[in-house]
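Taking it in order: structure first as structure tokens, then the write-up.
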Amino acid sequence: MSVMTAAEHRIPAAIAQPIFEPSAYADGRIFETYRWLRKNEPFGVAEIEGVDPFWVAVRHADILEISRQNDLFHNGDRSVTLVGQDADRMVRERMGGSPHLLRTLVQMDAPDHPKYRILTQAWFLPQNLRRMEEQIRSLARAAVDKMAALTDANGIGECDFVSQVALHYPLRVIMNIMGVPESDEPRMLKLTQELFGATDPDLGRQADKPREEREFDFGVITDFFNYFNAISADRRAHPTDDLASLIANSRIDGQPISDFEAMGYYIIVATAGHDTTSSSTAGALWALAQNPGEFRKLKSDLSLIPSLVEESIRWTTPVKTFMRTATANVRFADRDIRKGDWLMLCYASGNRDEAVFDEPDAFRVDRKPNKQLAFGYGAHVCLGQHLAKMEMRILWEELIPRLESVELAGEPAMSQAVFVNGPKRLPVRFKMR
Ligand code: HEM
């Protein structure tokens, strides 16, 4: 592995270790690692036992530059998430040599990637989303009413904001778009949590198994396949105007989309479409509960809501990392990158980069400018970014005018995962009208 040759840019072992530790993403140690790296080794090589060496991009500018150069830095050549060598071997054995269990947009490169992305892109553009605004608002209102129903005669209530509010609203929105019946939402929620939370002791399905067996949960993927196979067959026989029908009946190069790739499409939209948004929403309420001054600022000026949305996404950065693979030898960021080298994009570090953000560790509802990069950049930039922002904006428009105060009512907790993580528990006490 050629990155081994870059000895002068090797990250000290104790600094590199947390990058591969799911718990470091839950207890905040990863932010210390990132701070150290930005200052001392902003583009170094992590050599962690049991993991192929990889470059670690922690600066805002480097993350954007790698993301922009899609021909030079591929998604599909190796795993797009950080996995250990054992897990990688298990996947390749199962998948006939491929490093991927699924073939979704994030595992593809040109020329295939644009052909698949274009199929659904129009759905997620602001013009199309606008026609759903009222429907989304009624779902947001229902979520806020549910919270209000938990209050006493004085308007005071307590809840776990994650499990009682934040998780359900974006789930309902994306399942509506997909065409998944409401009765199946608990199943989708559980499967998504098991997928992204595979390494979390509370969320993963096989908490007792060794790390390499938890990194990719074959059982969860099989359950997703079985579920969406039935949906796909139904929409081919009885197409409707939902997104599942569009995917099921789409054509690539004049041929019907394959079942394997249709499954990948359903799974990425169904999973990426809610967990990330709930995490940003819960992360924002957590920060507001801890920063009453910011809450008051927002209450006195509701026109700050769009800026709150950007700041919540920066603050939480639910997608922590993605991997890329170099397709050629290249000099990048004063380093010699070799063809085949694996690189990690650390979005949460880019979003705390002192070179770009004033007081990056402060949560500010009126941060301007806010060049957060939590949706990525380049050809793979988040397909659902406008939807995510719209959902959050609408929820805050419904909630903030009615919410008079909010404070923590217990110990919040973050999920333990290297790829996608966010609050898994947020006990709050609040007053509503
Ligand atoms: C706060 C919420 C969200 C965050 C932080 C987020 C973050 C991301 C990131 C970092 C990527 C990879 C970008 C890159 O490689 O440059 C991505 C891709 C993607 N996201 Fe999101 N996402 C969010 C919400 C959504 C929603 C609501 C959907 C609903 C459809 C969605 C669907 C996707 C899809 C399909 C991709 C793959 C795009 C591609 O590879 O072409 N995401 N997202």
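Please note that chains go A, B, ... in the order of the structure tokens, that every chain numbers its residues from 1, and that ligands are numbered from 1 in the order shown.
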Could you tell me, counting only C-alpha atoms and all ligand atoms, which protein and nucleic acid residues lie no more than 7 Å from ligand 1, written as a PyMOL selection string?
chain A and resi 67+105-106+113+117+174+268-269+272-274+276-277+280+313+317-319+322+374-385+387-388
Selected residues, N, CA and C atoms, written as a CSV table (one decimal), in the first residue's frame, please.
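File written: result14.csv
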chain,number,residue,atom,x,y,z
A,67,SER,N,-13.4,16.4,-3.1
A,67,SER,CA,-14.8,16.1,-3.5
A,67,SER,C,-15.1,16.5,-4.9
A,105,LEU,N,-25.9,5.2,-5.3
A,105,LEU,CA,-25.2,6.3,-5.9
A,105,LEU,C,-23.8,6.5,-5.3
A,106,VAL,N,-23.7,6.4,-4.0
A,106,VAL,CA,-22.4,6.7,-3.4
A,106,VAL,C,-21.3,5.7,-3.8
A,113,HIS,N,-22.6,6.9,-12.6
A,113,HIS,CA,-23.2,7.7,-11.6
A,113,HIS,C,-24.2,8.7,-12.1
A,117,ARG,N,-28.1,9.1,-11.1
A,117,ARG,CA,-28.5,10.2,-10.3
A,117,ARG,C,-29.6,11.0,-11.0
A,174,ILE,N,-39.9,11.3,4.1
A,174,ILE,CA,-39.3,10.6,3.0
A,174,ILE,C,-40.1,9.3,2.7
A,268,ILE,N,-30.7,3.7,-0.3
A,268,ILE,CA,-30.0,4.9,0.0
A,268,ILE,C,-31.0,6.1,0.2
A,269,VAL,N,-32.0,6.1,-0.6
A,269,VAL,CA,-33.0,7.2,-0.4
A,269,VAL,C,-33.7,7.0,1.0
A,272,ALA,N,-30.7,7.5,3.9
A,272,ALA,CA,-30.0,8.8,4.0
A,272,ALA,C,-31.1,9.9,4.2
A,273,GLY,N,-32.3,9.6,3.8
A,273,GLY,CA,-33.3,10.6,3.8
A,273,GLY,C,-33.9,11.0,5.1
A,274,HIS,N,-33.6,10.3,6.2
A,274,HIS,CA,-34.3,10.7,7.5
A,274,HIS,C,-33.3,10.8,8.7
A,276,THR,N,-30.2,11.4,9.1
A,276,THR,CA,-29.3,12.6,9.0
A,276,THR,C,-30.1,13.9,9.4
A,277,THR,N,-31.3,14.0,8.9
A,277,THR,CA,-32.1,15.2,9.2
A,277,THR,C,-32.6,15.2,10.6
A,280,SER,N,-29.7,16.3,12.8
A,280,SER,CA,-29.4,17.8,12.8
A,280,SER,C,-30.5,18.5,13.6
A,313,ILE,N,-26.8,22.1,10.9
A,313,ILE,CA,-26.2,21.1,10.0
A,313,ILE,C,-24.7,21.2,10.2
A,317,THR,N,-23.2,17.9,11.8
A,317,THR,CA,-22.5,17.2,10.7
A,317,THR,C,-22.8,15.7,10.8
A,318,PRO,N,-24.0,15.3,10.6
A,318,PRO,CA,-24.4,13.9,10.8
A,318,PRO,C,-23.6,12.8,10.0
A,319,VAL,N,-23.2,13.2,8.8
A,319,VAL,CA,-22.3,12.3,8.0
A,319,VAL,C,-20.9,12.7,8.4
A,322,PHE,N,-16.6,10.1,4.7
A,322,PHE,CA,-16.7,9.3,3.5
A,322,PHE,C,-15.3,9.0,3.0
A,374,ALA,N,-21.4,20.0,5.2
A,374,ALA,CA,-21.9,18.8,5.7
A,374,ALA,C,-22.7,18.0,4.6
A,375,PHE,N,-23.0,18.6,3.5
A,375,PHE,CA,-23.7,17.9,2.4
A,375,PHE,C,-22.7,17.4,1.4
A,376,GLY,N,-21.4,17.6,1.6
A,376,GLY,CA,-20.4,17.2,0.6
A,376,GLY,C,-20.3,18.2,-0.5
A,377,TYR,N,-19.8,17.8,-1.6
A,377,TYR,CA,-19.5,18.7,-2.7
A,377,TYR,C,-19.2,17.9,-3.9
A,378,GLY,N,-19.3,18.5,-5.1
A,378,GLY,CA,-19.0,17.8,-6.3
A,378,GLY,C,-20.1,17.0,-6.8
A,379,ALA,N,-19.8,16.0,-7.6
A,379,ALA,CA,-20.8,15.1,-8.3
A,379,ALA,C,-21.7,14.4,-7.3
A,380,HIS,N,-21.2,14.1,-6.2
A,380,HIS,CA,-22.0,13.3,-5.2
A,380,HIS,C,-22.7,14.2,-4.2
A,381,VAL,N,-22.6,15.5,-4.3
A,381,VAL,CA,-23.2,16.4,-3.3
A,381,VAL,C,-24.6,15.9,-3.0
A,382,CYS,N,-24.9,15.9,-1.7
A,382,CYS,CA,-26.2,15.3,-1.2
A,382,CYS,C,-27.4,15.6,-2.1
A,383,LEU,N,-28.0,14.6,-2.5
A,383,LEU,CA,-29.2,14.7,-3.4
A,383,LEU,C,-30.4,15.3,-2.7
A,384,GLY,N,-30.4,15.1,-1.4
A,384,GLY,CA,-31.6,15.5,-0.6
A,384,GLY,C,-31.3,16.8,0.2
A,385,GLN,N,-30.3,17.6,-0.2
A,385,GLN,CA,-29.9,18.7,0.7
A,385,GLN,C,-31.1,19.8,0.8
A,387,LEU,N,-34.3,19.2,0.4
A,387,LEU,CA,-35.4,18.6,1.2
A,387,LEU,C,-35.0,18.7,2.7
A,388,ALA,N,-33.8,18.3,3.0
A,388,ALA,CA,-33.4,18.3,4.4
A,388,ALA,C,-33.6,19.7,5.0
Which polymer residues have any atom within 12 Å of an atom of A:Arg335, counting only C-alpha atoms, with same-chain residues fewer than 2 positions away left out, as number ranges by chain?
A: 3, 5-10, 41-45, 55-57, 62, 329-333, 337-338, 341
Writer output for current selection, C-alpha atoms, as a compact mmCIF listing (two decimals), in the first residue's frame:
# COMPACT_ATOMS: atom_id res chain seq x y z
CA VAL A 3 0.65 5.47 1.55
CA THR A 5 5.84 5.29 2.02
CA ALA A 6 4.69 8.67 3.31
CA ALA A 7 6.45 8.13 6.62
CA GLU A 8 7.11 11.80 7.24
CA HIS A 9 3.38 12.47 7.29
CA ARG A 10 2.42 9.57 9.53
CA GLU A 41 -0.74 17.23 10.49
CA PRO A 42 -3.60 18.45 8.31
CA PHE A 43 -3.07 15.86 5.62
CA GLY A 44 -1.41 12.85 7.17
CA VAL A 45 -1.55 9.08 7.00
CA TRP A 55 -4.90 9.72 4.20
CA VAL A 56 -6.94 11.93 6.52
CA ALA A 57 -8.29 15.20 5.08
CA ASP A 62 -8.85 19.93 1.09
CA ASN A 329 -0.38 9.34 -8.80
CA VAL A 330 -0.81 12.98 -7.91
CA ARG A 331 0.81 15.73 -5.89
CA PHE A 332 -1.93 17.00 -3.60
CA ALA A 333 -1.70 19.31 -0.58
CA ILE A 337 -0.60 10.52 -3.31
CA ARG A 338 -0.31 7.25 -5.20
CA ASP A 341 -4.46 5.27 -2.01
Correct to one decimal, the distance atom CA of A:Gln372-atom CA of A:Glu310 is 7.1 Å
Run DSSP on the backbone and tell me which residues of stretch 125-295 of chain A come out as strand (DSSP E); list them as a tab-separated table (two decimals) with C-alpha atoms, in the first residue's frame.
chain	number	residue	atom	x	y	z
A	156	ILE	CA	-44.59	22.40	30.95
A	157	GLY	CA	-43.53	19.03	29.60
A	158	GLU	CA	-40.68	16.58	29.29
A	159	CYS	CA	-39.71	14.21	26.53
A	160	ASP	CA	-36.89	12.41	24.86
A	251	ARG	CA	-34.31	2.45	-17.60
A	252	ILE	CA	-30.55	2.69	-17.83
A	255	GLN	CA	-32.64	-1.42	-20.33
A	256	PRO	CA	-34.81	-1.80	-17.22
I need the residues of stretch 10-245 of chain A that end up classed as alpha helix (DSSP H) by DSSP on the backbone, written out as an MDAnalysis selection string.
chainID A and resid 13:16 22:26 29:40 60:68 85:94 112:121 126:130 133:148 161 168:178 185:196 211:215 218:237 243:245
So the first atom is atom CA of A:Ile221 and the second is atom CA of A:Met263; what is the distance between them in Å, to one decimal place?
9.8 Å
Residue with smallest distance to A:Asp88 - pool A:Arg367, A:Arg137, A:Lys146, A:Arg214, counting only C-alpha atoms
A:Arg214
What separation in Å, quoted to one decimal, exists between atom CA of A:Phe20 and atom CA of A:Cys346?
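Atom-to-atom, atom CA of A:Phe20 to atom CA of A:Cys346, that is 12.1 Å.
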Please list as a list in words every residue within 7 Å of A:Gly84, counting only C-alpha atoms and excluding residues in the same chain fewer than 2 positions away.
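Surrounding residues, per the criterion: Gly50, Val51, Leu82, Asp86, Ala87, Asp88 and Glu212 of chain A.
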Export of prior selection with N, CA and C atoms as a short mmCIF file (atom, residue, chain, number, x, y, z; two decimals), in the first residue's frame:
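Wrote it out as part28.cif, contents follow:
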data_model
loop_
_atom_site.label_atom_id
_atom_site.label_comp_id
_atom_site.auth_asym_id
_atom_site.auth_seq_id
_atom_site.Cartn_x
_atom_site.Cartn_y
_atom_site.Cartn_z
N GLY A 50 -5.06 -3.33 11.88
CA GLY A 50 -6.26 -4.00 11.35
C GLY A 50 -6.99 -3.20 10.28
N VAL A 51 -6.42 -2.03 9.91
CA VAL A 51 -7.08 -1.18 8.90
C VAL A 51 -6.02 -0.82 7.86
N LEU A 82 -15.11 3.79 6.17
CA LEU A 82 -13.90 3.21 6.77
C LEU A 82 -14.23 1.85 7.38
N ASP A 86 -10.60 -7.08 8.15
CA ASP A 86 -11.40 -8.30 8.25
C ASP A 86 -12.78 -8.10 7.64
N ALA A 87 -13.40 -6.96 7.96
CA ALA A 87 -14.74 -6.69 7.42
C ALA A 87 -14.67 -6.56 5.91
N ASP A 88 -13.62 -5.89 5.43
CA ASP A 88 -13.45 -5.72 3.99
C ASP A 88 -13.32 -7.08 3.31
N GLU A 212 -15.51 -6.65 13.54
CA GLU A 212 -15.52 -6.84 12.08
C GLU A 212 -16.85 -7.39 11.58
#
Of A:Asn249, A:Glu215, A:Phe419, A:Leu285, the one sitting nearest A:Thr321 when using only C-alpha atoms is A:Phe419
Best match for closeness to A:Asp52 among A:Tyr25, A:Phe363, A:Trp36, A:Trp342, counting only C-alpha atoms:
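Of all the options, A:Trp342 lies closest to A:Asp52.
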Write out as a PDB file with N, CA and C atoms, in the first residue's frame the residues lying within 10 Å of A:Tyr266, counting only C-alpha atoms and excluding same-chain residues fewer than 2 positions away.
ATOM      1  N   THR A 104     -25.148   1.659  -4.696  1.00  0.00           N
ATOM      2  CA  THR A 104     -26.004   2.849  -4.661  1.00  0.00           C
ATOM      3  C   THR A 104     -25.238   3.989  -5.313  1.00  0.00           C
ATOM      4  N   MET A 178     -41.299   8.268  -0.934  1.00  0.00           N
ATOM      5  CA  MET A 178     -40.995   6.943  -1.482  1.00  0.00           C
ATOM      6  C   MET A 178     -42.261   6.167  -1.812  1.00  0.00           C
ATOM      7  N   PHE A 224     -33.653  -5.312   4.296  1.00  0.00           N
ATOM      8  CA  PHE A 224     -34.002  -4.190   3.409  1.00  0.00           C
ATOM      9  C   PHE A 224     -34.355  -4.725   2.014  1.00  0.00           C
ATOM     10  N   PHE A 225     -33.521  -5.644   1.513  1.00  0.00           N
ATOM     11  CA  PHE A 225     -33.752  -6.211   0.184  1.00  0.00           C
ATOM     12  C   PHE A 225     -35.129  -6.861   0.109  1.00  0.00           C
ATOM     13  N   PHE A 228     -37.898  -4.188   0.105  1.00  0.00           N
ATOM     14  CA  PHE A 228     -38.039  -3.385  -1.121  1.00  0.00           C
ATOM     15  C   PHE A 228     -38.298  -4.248  -2.359  1.00  0.00           C
ATOM     16  N   ASN A 229     -37.926  -5.518  -2.316  1.00  0.00           N
ATOM     17  CA  ASN A 229     -38.269  -6.403  -3.425  1.00  0.00           C
ATOM     18  C   ASN A 229     -39.772  -6.448  -3.629  1.00  0.00           C
ATOM     19  N   ILE A 231     -41.955  -4.174  -2.633  1.00  0.00           N
ATOM     20  CA  ILE A 231     -42.418  -2.849  -3.085  1.00  0.00           C
ATOM     21  C   ILE A 231     -42.160  -2.717  -4.591  1.00  0.00           C
ATOM     22  N   SER A 232     -40.954  -3.145  -5.007  1.00  0.00           N
ATOM     23  CA  SER A 232     -40.569  -3.015  -6.409  1.00  0.00           C
ATOM     24  C   SER A 232     -41.517  -3.807  -7.311  1.00  0.00           C
ATOM     25  N   LEU A 243     -41.956   7.826  -5.643  1.00  0.00           N
ATOM     26  CA  LEU A 243     -40.569   7.655  -6.068  1.00  0.00           C
ATOM     27  C   LEU A 243     -40.214   6.178  -6.280  1.00  0.00           C
ATOM     28  N   ALA A 244     -40.817   5.301  -5.500  1.00  0.00           N
ATOM     29  CA  ALA A 244     -40.545   3.860  -5.670  1.00  0.00           C
ATOM     30  C   ALA A 244     -40.976   3.422  -7.067  1.00  0.00           C
ATOM     31  N   ILE A 247     -38.366   4.639  -9.601  1.00  0.00           N
ATOM     32  CA  ILE A 247     -37.141   3.825  -9.594  1.00  0.00           C
ATOM     33  C   ILE A 247     -37.425   2.443 -10.208  1.00  0.00           C
ATOM     34  N   ALA A 248     -38.501   1.815  -9.773  1.00  0.00           N
ATOM     35  CA  ALA A 248     -38.805   0.443 -10.224  1.00  0.00           C
ATOM     36  C   ALA A 248     -38.940   0.369 -11.750  1.00  0.00           C
ATOM     37  N   GLU A 261     -29.582  -2.948  -8.426  1.00  0.00           N
ATOM     38  CA  GLU A 261     -29.370  -1.499  -8.393  1.00  0.00           C
ATOM     39  C   GLU A 261     -30.632  -0.743  -7.968  1.00  0.00           C
ATOM     40  N   ALA A 262     -31.787  -1.282  -8.305  1.00  0.00           N
ATOM     41  CA  ALA A 262     -33.022  -0.656  -7.802  1.00  0.00           C
ATOM     42  C   ALA A 262     -33.049  -0.726  -6.278  1.00  0.00           C
ATOM     43  N   MET A 263     -32.637  -1.893  -5.742  1.00  0.00           N
ATOM     44  CA  MET A 263     -32.604  -2.069  -4.271  1.00  0.00           C
ATOM     45  C   MET A 263     -31.675  -1.048  -3.635  1.00  0.00           C
ATOM     46  N   GLY A 264     -30.513  -0.880  -4.246  1.00  0.00           N
ATOM     47  CA  GLY A 264     -29.540   0.084  -3.727  1.00  0.00           C
ATOM     48  C   GLY A 264     -30.145   1.479  -3.699  1.00  0.00           C
ATOM     49  N   ILE A 268     -30.675   3.679  -0.343  1.00  0.00           N
ATOM     50  CA  ILE A 268     -29.970   4.934  -0.020  1.00  0.00           C
ATOM     51  C   ILE A 268     -30.960   6.070   0.217  1.00  0.00           C
ATOM     52  N   VAL A 269     -32.016   6.128  -0.586  1.00  0.00           N
ATOM     53  CA  VAL A 269     -32.973   7.233  -0.374  1.00  0.00           C
ATOM     54  C   VAL A 269     -33.691   7.031   0.968  1.00  0.00           C
ATOM     55  N   ALA A 270     -34.088   5.799   1.227  1.00  0.00           N
ATOM     56  CA  ALA A 270     -34.850   5.546   2.458  1.00  0.00           C
ATOM     57  C   ALA A 270     -34.011   5.783   3.709  1.00  0.00           C
ATOM     58  N   THR A 271     -32.720   5.471   3.648  1.00  0.00           N
ATOM     59  CA  THR A 271     -31.909   5.605   4.865  1.00  0.00           C
ATOM     60  C   THR A 271     -31.302   6.996   4.990  1.00  0.00           C
TER      61      THR A 271
END
Determine, counting only C-alpha atoms, which protein, DNA and RNA residues have an atom within 8 Å of an atom of stretch 410-412 of chain A; residues of the same chain fewer than 3 positions away are not included. Present the result as a PyMOL selection string.
chain A and resi 423-428
Could you take the residues named above and write them with N, CA and C atoms, as a short mmCIF file (atom, residue, chain, number, x, y, z; two decimals), in the first residue's frame?
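What follows is the written file selection_5.cif:
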data_model
loop_
_atom_site.label_atom_id
_atom_site.label_comp_id
_atom_site.auth_asym_id
_atom_site.auth_seq_id
_atom_site.Cartn_x
_atom_site.Cartn_y
_atom_site.Cartn_z
N PRO A 423 -27.39 12.50 17.82
CA PRO A 423 -27.96 12.25 19.14
C PRO A 423 -28.87 11.02 19.11
N LYS A 424 -28.71 10.14 20.10
CA LYS A 424 -29.64 9.00 20.18
C LYS A 424 -30.58 9.18 21.37
N ARG A 425 -30.25 10.12 22.27
CA ARG A 425 -31.12 10.39 23.41
C ARG A 425 -30.97 11.87 23.78
N LEU A 426 -32.09 12.56 23.92
CA LEU A 426 -32.03 13.98 24.29
C LEU A 426 -33.21 14.32 25.22
N PRO A 427 -33.01 14.06 26.52
CA PRO A 427 -34.12 14.36 27.44
C PRO A 427 -34.20 15.88 27.68
N VAL A 428 -35.37 16.45 27.40
CA VAL A 428 -35.53 17.91 27.58
C VAL A 428 -36.79 18.21 28.39
#
Fewer than 5 positions away in the same chain doesn't count, so skip those; otherwise give me all residues within 10 Å of A:Thr199, counting only C-alpha atoms, as a list of chain:residue names.
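Using only C-alpha atoms, the neighbours found are A:Glu21, A:Pro22, A:Ser23, A:Glu194, A:Gly204, A:Arg205, A:Gln206, A:Ala207, A:Lys209, A:Pro210, A:Arg211, A:Glu212, A:Glu213, A:Arg214, A:Glu215, A:Phe216, A:Asp217, A:Ser415, A:Gln416, A:Ala417, A:Val418, A:Phe419.
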Between A:Val91, A:His168, A:Leu129, A:Leu343, which residue has the minimum interatomic distance to A:Ala46, considering only C-alpha atoms?
A:Leu343
